[in-house]
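What follows is a set of notes on a single structure, which appears directly below.
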Amino acid sequence: MGFIISFVVTLVVTAIALIIISKIPLGVEIDSFQKALVSAFVFGILNGIAQVIDKIITLDGLLTWLVFPIVFLINIIVFGLTAKLVEGFRLRSIWSAVFGSLLLTVLTSILSRVIFNTFGVA
């Protein structure tokens with residue numbers, strides 16, 4: 001049960017972060033909160049696949065600091081691919097993907113920490 005609650009909270013946190021990012025003039029556009037939820041779900045699936053690739057590339061985390069640019073590039077690609085797959089989620093340029101991806105990482109980290117610590121969701 002804890003996994004399901006954690007999954008749903010993470011999904012909602014990512015959707016909220018995407019909505020916040022869409023309000024900043026970076027060229028990231030999302031039509032509605034429902035589209036943000038779908039985007040968060042697709043991003044999560046693609047990110048899960050990317051994490052497997054990341055573990056292979058970094059030898060299960062041992063070389064993370066050496067291949068950070070590759071991992072960051074994979075995250076940008078996942079962000080851009082999510083926008084391509086989800087109708088109602090658009091990027092205006094490659095820079096929108098770069099800054100949107102970076103901001104999504106920062107926002108979800110902050111929001112997750114606040115929510116998980118405040119409400120004790122595990």
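Simple scheme: letters A, B, ... for chains in structure tokens order, numbers from 1 for residues in each chain, numbers from 1 for ligands in the order shown.
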Can you check which parts of range 21-93 of chain A lie within 10 Å of range 104-121 of chain A? Per residue, the shortest pair of atoms and distance in Å to one decimal, counting only C-alpha atoms, sorted by chain and number, as a tab-separated table.
```
residue	atom	partner	partner_atom	distance
A:Ile21	CA	A:Leu104	CA	7.3
A:Asn75	CA	A:Thr105	CA	9.1
A:Phe79	CA	A:Leu104	CA	9.0
```
Inset, instruction - Extract, using only C-alpha atoms, all DNA, RNA and protein residues at most 10 Å from Ile94 in chain A, discarding same-chain residues fewer than 6 positions from it, and format them as a PyMOL selection string. - result: chain A and resi 27+76-77+80+100
Inset, instruction - Could you give me, as a list of chain:residue names, each residue of range 2-112 of chain A that DSSP assigns to strand (DSSP E) when run on this structure's backbone? - result: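 After running DSSP on the backbone, range 2-112 of chain A has strand (DSSP E) at A:Val28, A:Glu29, A:Ile30, A:Phe89, A:Arg90, A:Leu91.
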Legend entry - From A:Ile5, A:Leu81, A:Ile20, A:Leu26, residue lying nearest Val42 in chain A [only C-alpha atoms]: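 For Val42 in chain A, the nearest of the candidates is A:Leu81.
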Legend entry - For Phe43 in chain A: contacts at 6 Å, only C-alpha atoms, fewer than 4 positions along chain excluded, given as a PyMOL selection string: chain A and resi 39+47+82
Those same residues - C-alpha atoms - I'd like them written as an mmCIF file, in the first residue's frame.
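Heads up, here's the output in part_22.cif:
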```cif
data_model
loop_
_atom_site.group_PDB
_atom_site.id
_atom_site.type_symbol
_atom_site.label_atom_id
_atom_site.label_comp_id
_atom_site.auth_asym_id
_atom_site.auth_seq_id
_atom_site.Cartn_x
_atom_site.Cartn_y
_atom_site.Cartn_z
ATOM 1 C CA SER A 39 2.776 13.847 -18.910
ATOM 2 C CA ASN A 47 12.496 7.882 -16.773
ATOM 3 C CA THR A 82 7.471 13.033 -23.201
#
```
Legend entry - Shortest interatomic distance to Ala17 in chain A - which of A:Phe33, A:Leu46, A:Ile74, A:Ala83, counting only C-alpha atoms: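 Closest candidate: A:Phe33.
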Legend entry - Atom pair CA of Ser96 in chain A / CA of Val28 in chain A: separation (Å): 5.9 Å
Inset, instruction - Pick out the residues sitting within 7 Å of Ile30 in chain A, and hand them over as a VMD selection string; count only C-alpha atoms, and ignore anything fewer than 6 positions along from it in its own chain. - result: chain A and resid 19 22 36 88 to 90
Legend entry - Nearest to Phe7 in chain A by atom-to-atom distance, counting only C-alpha atoms, from A:Ile70, A:Ser101, A:Ile45, A:Pro25: A:Ile45
Inset, instruction - Can you list, as an MDAnalysis selection string, all residues belonging to chain A that DSSP tags as helix (DSSP H, G or I)? - result: chainID A and resid 2:23 33:57 68:85 94:119
Legend entry - Using only C-alpha atoms: which of A:Ile56, A:Ser6, A:Ala40, A:Gln34 has the shortest distance to Leu18 in chain A: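 So, comparing all the options, the nearest one is A:Ala40.
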Inset, instruction - For CA of Gly44 in chain A and CA of Ala15 in chain A, determine how far apart the two atoms are, in Å to one decimal place. - result: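 These two atoms are separated by 10.6 Å.
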Inset, instruction - Considering only C-alpha atoms, state which residue in the set A:Phe68, A:Ile24, A:Val52, A:Lys84 is at the smallest distance from Phe99 in chain A. - result: A:Ile24
Inset, instruction - Kindly give the distance, in Å, that separates CA of Leu85 in chain A and CA of Ile57 in chain A, rounded to a single decimal. - result: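 These atoms are spaced 25.2 Å apart.
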Legend entry - Nearest residue to Glu87 in chain A from the set A:Val71, A:Leu103, A:Leu59, A:Leu37 (distances using only C-alpha atoms):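 So, comparing all the options, the nearest one is A:Leu37.
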